[in-house]
Each structure stands twice: as C-alpha cells, then as structure tokens.
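To start, the structure itself, in structure tokens.
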Amino acid sequence: MPARGQKRGVRTTAVHGGEVPDPNTGASAPDITMSSTFVQDEPTGFSFASAGDEPQFIYTRWGNPTVQMLEQKLAALEGGEACAAFASGMAATSGLLLSELTAGDHLVISEVNYPGTAELARSTLPGLGIEVTPVNTAEPERVRDAMRPTTRLVWVETPANPVLRLTDISAVADIAHEAGAALAVDSTFATPIATRPLELGADFVVHSLTKYIGGHGDAIGGAVIGSAGAIASLTGNALVHHGGILSPFNAWLIARGAATLPLRMAAHEAAAKEVATFLEAHPRVLRTLYPGLASHPQHDLARRQMDNFSGMISFRVAGGAEAARELVGKLRLIHHAVSLGHHRSLIYWIDTEELAAETYRLQGEALARFRDEAGEGVLRLSVGLEDAADICPDLDQAL
Ligand SMILES: *Cc1c(COP(=O)(O)O)cnc(C)c1O
C-alpha cells in the first residue's frame, strides 16, 4: 500500500485499482462472479433506499463483485469517489440525464457531439418537459449566455465527435457552478490518461467503455464517475430502477482492457501523431483535424488540458463523399467500421449534411461553423495499435 497521502502512479492504478486476490482461493487474477443472486443470512427489504448502506451483495442489478471491481478501478483512474457502470455508454448517458433532470429543468449541451447523445437531447428530453439549449461549448461565453435560473446541468464532450472540437472544462465548470448547475463531461475520446475532468471542476465524467477503456472491440459498456453521494443516487435511479446494468462478464473483459490503458494510450498517441503528420502533408487531403497538430484550432487548449492527444483523427479528402467511399473500399488493413478506441484501426465516413440536418439540427451560424470544419464530410479515423509504418502505406495506396 502507498504511504498515507501518497498517490500511486497511473500504471499501478490501472493494474491494481479495484482488484484484490480472491480471499477463498488466493487467485491472483480476478474471478467473474456470474451469479444473479446472493445467499442472505437475514431477510432484506426490497427497497434499494432501505438497503443503501448494506455492504453485502443481494442481487446483481443492485451490485455485483466483478462489476464493483471495475467501478473501483475506473473511480481510481479518474480520481473520483465512486463510479456506476452501465450496459452501454448510452445507458450511462440516459441514466445520468434522466436522473439529474426532471420536467421544468433546463439542460445546456454541446451543439456538436456523439449522435446518440445529440438525438436523445433533441428528441427524447423535450418530450419529458426538459428544455434543451445546444451551444458551441468551445466558446465558454456561449455557455454563460445560455444559462437560466432553471439550468440544472451543462453537458460537454471533449474532444467532441466527429470534428474533435474541444471545450475548456475548468472555464465551463466555473460558469456552471456560478449559476448553480452541475457539469457532466463525456470524456470517451480523451480517457483518464489524457484528461481528468473531476480535477478540473466537473461533477460527473461519462465514458463509453466500449471504446478506449475496454480497448479490444469485444464488449459494450458505459460508466459515470462522481462524488459518492451523487453516484449512490444514480445507482438507485438509473441502475436499480431503469435496469441498464453491465453484465459481470463484460465488466471482467473491460477491467482486463483497462489494466493496459496507460500503455495503449501512449501507443495510440504515438501512432496517431505519425498518421496525422502523414495525412496533413498528403496532396489529396484537404484538412486534417488532430488535437496534437499545431494546426488544430484549439491546439493551445489541447496542450493545457490533455496529457495525451489520443488516437482520433478526422480528415477531409478532395472529391467529397464519392472519393471517401472509394477510399474506404480500397483499404486493406484498416477496417471500415463504426466505433473507435480498439486495438484495430477503424475508419468511417461521416456525412455533414445528414448529421447537421437530422442529428444536430444546426442552422445559421452553427451550421456554417460545422460546415467550415467538416466540409462535405469527414473520414473519422481511430488509429489502432498496429505499426504506423503499416497504417500510413494503407492510407497512401487508397488515397
Ligand atoms: C460510443 C460513444 C457513446 C455511446 O457509447 P455506447 O457504448 O456505444 O453506447 C457516447 N459518447 C461517445 C463520445 C462515444 O464515442
């Protein structure tokens, strides 16, 4: 154990966080507890509220040892008190939004972000009487202008899908708190290796564990990390009542992936820097967006807020959608598939007009801003753990 007050290194935390040798068998690697129910000594109540402080396991929707191991590892990596793990990133997102907000409340959210989150905010929440204002959170003053007396939550994603727009977390945290609102940060693209939003003043960090944290493209999961009190109430509302819990098997896979997160992120970043530099110099590439390039419009903020520039690159090619479709058809190594953060490199074409009209419903200045960044569309590339010396030639022969 580290001496009191001494923080362990991130690699040690990733390996040991939440894990203890099995007290019955001495197994060094964690077991998977695939049990839906747990034998009780005494009768217990059926209300989660009355059982809230009981440490024992009762039923896996209320808590499970393997899921708890992952939750403790993720809380330790983010420097948070507690974590709630969900069946998917969207289950974590909807769980948090529906637990924090009720009819009459107001949400301020990034105008460009993960499509599932964007559509949930624009289609589902208003139907429940929750008011939603999308703003360009890359400019913190826009967040201040959007705040109302009923604003309960500000939601940002940084770097944001698909154009890697950044938000200054500490500036937006101050604005949210001054107005009596909480700040939630979807940090899926950054991971705790790049950015720890709670240390910068955020109240909640949200992850799709499907991406870098799981890291191997074999398990879907999500998580929210925050204060012990806030996570206890989220667990009661969003896990016990809405029911979107993570399976213990997926928790085990994701915890195994998370143990190597610091090493993988260093490798993703190193390869992505090479690939981004290659793309930026290529005559057929119109624009390369990568927070680690000096040409990124918020490179200074990236340097301040990200200890690792991650492995996500968006780029535009001459010839628009047709050329992009041809390009992905010629790739031999890189898979043409959605998702990101896997050990395999993945690429996907993201069409601007469809996304701007159907998902973000952008108009006027916001639409012009998005078109300026994304053009007709971007190829979103998740640089995997292959050699950059193999990834660049694959792109080169297809470009
Ligand atoms: C994938 C993703 C989500 C949704 O996560 P799922 O695990 O697919 O439900 C949310 N936010 C971001 C930034 C994502 O990349």
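FYI, nothing fancy with the structure tokens labels: chains A, B, ... in order, residues from 1 per chain, ligands from 1 as they appear.
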Give the residue list for ligand 1 at 10 Å, counting only C-alpha atoms and all ligand atoms, as a ChimeraX atom specification, sorted by chain and then by residue number. /A:86-94,113-118,156-162,185-190,206-212,219-223,338-341
Might you pull out every residue within 12 Å of region 33-40 of chain A, with only C-alpha atoms counted and same-chain residues fewer than 2 positions away left off, and present them as a PyMOL selection string? chain A and resi 22+30-31+42-45+54+56-69+245-252
Can you tell me which residues surround region 227-233 of chain A at a distance of at most 7 Å, considering only C-alpha atoms, apart from same-chain residues fewer than 4 positions away, and format the answer as a ChimeraX atom specification? /A:80-84,237
Take the residues that were just selected and, keeping N, CA, C and O atoms, output them as an mmCIF file, in the first residue's frame.
```
data_model
loop_
_atom_site.group_PDB
_atom_site.id
_atom_site.type_symbol
_atom_site.label_atom_id
_atom_site.label_comp_id
_atom_site.auth_asym_id
_atom_site.auth_seq_id
_atom_site.Cartn_x
_atom_site.Cartn_y
_atom_site.Cartn_z
ATOM 1 N N GLY A 80 -12.014 9.963 -8.800
ATOM 2 C CA GLY A 80 -13.349 10.233 -8.261
ATOM 3 C C GLY A 80 -13.642 9.343 -7.075
ATOM 4 O O GLY A 80 -12.947 8.347 -6.843
ATOM 5 N N GLU A 81 -14.694 9.693 -6.303
ATOM 6 C CA GLU A 81 -15.029 8.887 -5.118
ATOM 7 C C GLU A 81 -15.718 7.582 -5.502
ATOM 8 O O GLU A 81 -15.537 6.571 -4.845
ATOM 9 N N ALA A 82 -16.555 7.621 -6.538
ATOM 10 C CA ALA A 82 -17.364 6.439 -6.859
ATOM 11 C C ALA A 82 -17.704 6.417 -8.335
ATOM 12 O O ALA A 82 -17.580 7.430 -9.037
ATOM 13 N N CYS A 83 -18.149 5.236 -8.789
ATOM 14 C CA CYS A 83 -18.466 5.019 -10.198
ATOM 15 C C CYS A 83 -19.674 4.112 -10.289
ATOM 16 O O CYS A 83 -19.850 3.221 -9.458
ATOM 17 N N ALA A 84 -20.503 4.334 -11.289
ATOM 18 C CA ALA A 84 -21.616 3.429 -11.602
ATOM 19 C C ALA A 84 -21.392 2.937 -13.024
ATOM 20 O O ALA A 84 -21.246 3.744 -13.953
ATOM 21 N N ASN A 237 -31.466 5.235 -8.965
ATOM 22 C CA ASN A 237 -32.381 5.614 -10.043
ATOM 23 C C ASN A 237 -32.107 4.850 -11.320
ATOM 24 O O ASN A 237 -32.985 4.222 -11.890
#
```
Running DSSP on the backbone, which parts of region 246-386 of chain A land in strand (DSSP E), as an NGL selection string? :A and (285-289 or 312-317 or 335-336 or 346-351 or 377-382)
Shell around region 368-384 of chain A at 7 Å using only C-alpha atoms, local window under 3 positions removed, as a list in words: Pro162, Val163, His268, Ala271, Ala272, Gly311, Met312, Ile313, Ser314, Phe315, Arg316, Gly320, Ala321, Leu340, Gly341, His342, His343, Arg344, Ser345, Leu346, Ile347, Tyr348, Trp349, Ile350, Asp351, Thr352, Gly364 and Glu365 of chain A
Residues of region 162-245 of chain A that approach region 137-154 of chain A to 8 Å or less, counting only C-alpha atoms: could you list each one with the shortest pair of atoms and its distance in Å to one decimal, rows by chain and increasing residue number, as a Markdown table?
```
| residue | atom | partner | partner_atom | distance |
| --- | --- | --- | --- | --- |
| A:Arg165 | CA | A:Ala138 | CA | 6.7 |
| A:Leu166 | CA | A:Ala138 | CA | 5.7 |
| A:Thr167 | CA | A:Ala138 | CA | 4.6 |
| A:Asp168 | CA | A:Ala138 | CA | 6.9 |
| A:Ala171 | CA | A:Pro140 | CA | 6.5 |
| A:Val172 | CA | A:Pro140 | CA | 5.7 |
| A:Ile175 | CA | A:Arg144 | CA | 6.0 |
| A:Ala176 | CA | A:Val154 | CA | 6.5 |
| A:Ala179 | CA | A:Met147 | CA | 7.0 |
| A:Gly180 | CA | A:Arg152 | CA | 7.1 |
| A:Ala181 | CA | A:Arg152 | CA | 4.4 |
| A:Ala182 | CA | A:Leu153 | CA | 4.8 |
| A:Leu183 | CA | A:Val154 | CA | 4.8 |
| A:Ala184 | CA | A:Val154 | CA | 6.2 |
```
Export of the given selection (N, CA, C and O atoms) as a short mmCIF file (atom, residue, chain, number, x, y, z; two decimals), in the first residue's frame:
```
data_model
loop_
_atom_site.label_atom_id
_atom_site.label_comp_id
_atom_site.auth_asym_id
_atom_site.auth_seq_id
_atom_site.Cartn_x
_atom_site.Cartn_y
_atom_site.Cartn_z
N ARG A 165 -13.68 19.00 -31.73
CA ARG A 165 -13.76 20.32 -31.09
C ARG A 165 -13.54 20.13 -29.60
O ARG A 165 -14.04 19.16 -29.02
N LEU A 166 -12.80 21.03 -28.97
CA LEU A 166 -12.50 20.91 -27.54
C LEU A 166 -13.32 21.91 -26.72
O LEU A 166 -13.73 22.95 -27.23
N THR A 167 -13.54 21.58 -25.46
CA THR A 167 -14.17 22.51 -24.52
C THR A 167 -13.23 22.69 -23.33
O THR A 167 -12.67 21.71 -22.83
N ASP A 168 -13.06 23.93 -22.89
CA ASP A 168 -12.24 24.24 -21.73
C ASP A 168 -13.04 23.86 -20.48
O ASP A 168 -13.96 24.58 -20.06
N ALA A 171 -13.08 26.31 -17.33
CA ALA A 171 -13.84 27.54 -17.57
C ALA A 171 -15.34 27.26 -17.54
O ALA A 171 -16.11 28.02 -16.92
N VAL A 172 -15.76 26.17 -18.16
CA VAL A 172 -17.20 25.85 -18.19
C VAL A 172 -17.68 25.38 -16.81
O VAL A 172 -18.82 25.67 -16.42
N ILE A 175 -18.51 28.49 -14.85
CA ILE A 175 -19.76 29.10 -15.32
C ILE A 175 -20.96 28.30 -14.82
O ILE A 175 -21.94 28.87 -14.32
N ALA A 176 -20.88 26.97 -14.92
CA ALA A 176 -22.00 26.13 -14.46
C ALA A 176 -22.23 26.32 -12.97
O ALA A 176 -23.36 26.54 -12.53
N ALA A 179 -23.87 29.47 -11.71
CA ALA A 179 -25.31 29.50 -11.98
C ALA A 179 -26.05 28.40 -11.22
O ALA A 179 -27.24 28.17 -11.44
N GLY A 180 -25.33 27.66 -10.35
CA GLY A 180 -25.99 26.62 -9.55
C GLY A 180 -26.26 25.33 -10.31
O GLY A 180 -27.09 24.53 -9.88
N ALA A 181 -25.57 25.12 -11.42
CA ALA A 181 -25.76 23.90 -12.21
C ALA A 181 -24.55 22.98 -12.05
O ALA A 181 -23.48 23.41 -11.62
N ALA A 182 -24.73 21.72 -12.40
CA ALA A 182 -23.62 20.75 -12.38
C ALA A 182 -23.06 20.62 -13.80
O ALA A 182 -23.73 20.94 -14.78
N LEU A 183 -21.80 20.13 -13.88
CA LEU A 183 -21.17 19.91 -15.19
C LEU A 183 -20.87 18.43 -15.38
O LEU A 183 -20.22 17.80 -14.53
N ALA A 184 -21.34 17.88 -16.50
CA ALA A 184 -21.02 16.50 -16.89
C ALA A 184 -20.14 16.55 -18.14
O ALA A 184 -20.41 17.33 -19.06
#
```
Taking 4 positions as the minimum chain separation for residues in the same chain, which residues sit within 8 Å of region 191-201 of chain A when counting only C-alpha atoms? Answer as a list in words.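 Everything that qualifies: Val10, Leu77, Glu78, Gly79, Gly80, Ile169, Ser170, Ala173, Asp174, Val185, Ser187, Val205, His207, Tyr212, Ile213, Gly226, Leu261, Pro262, Met265, Gln305, Met306, Asp307, Asn308, Phe309 and Ser310 of chain A.
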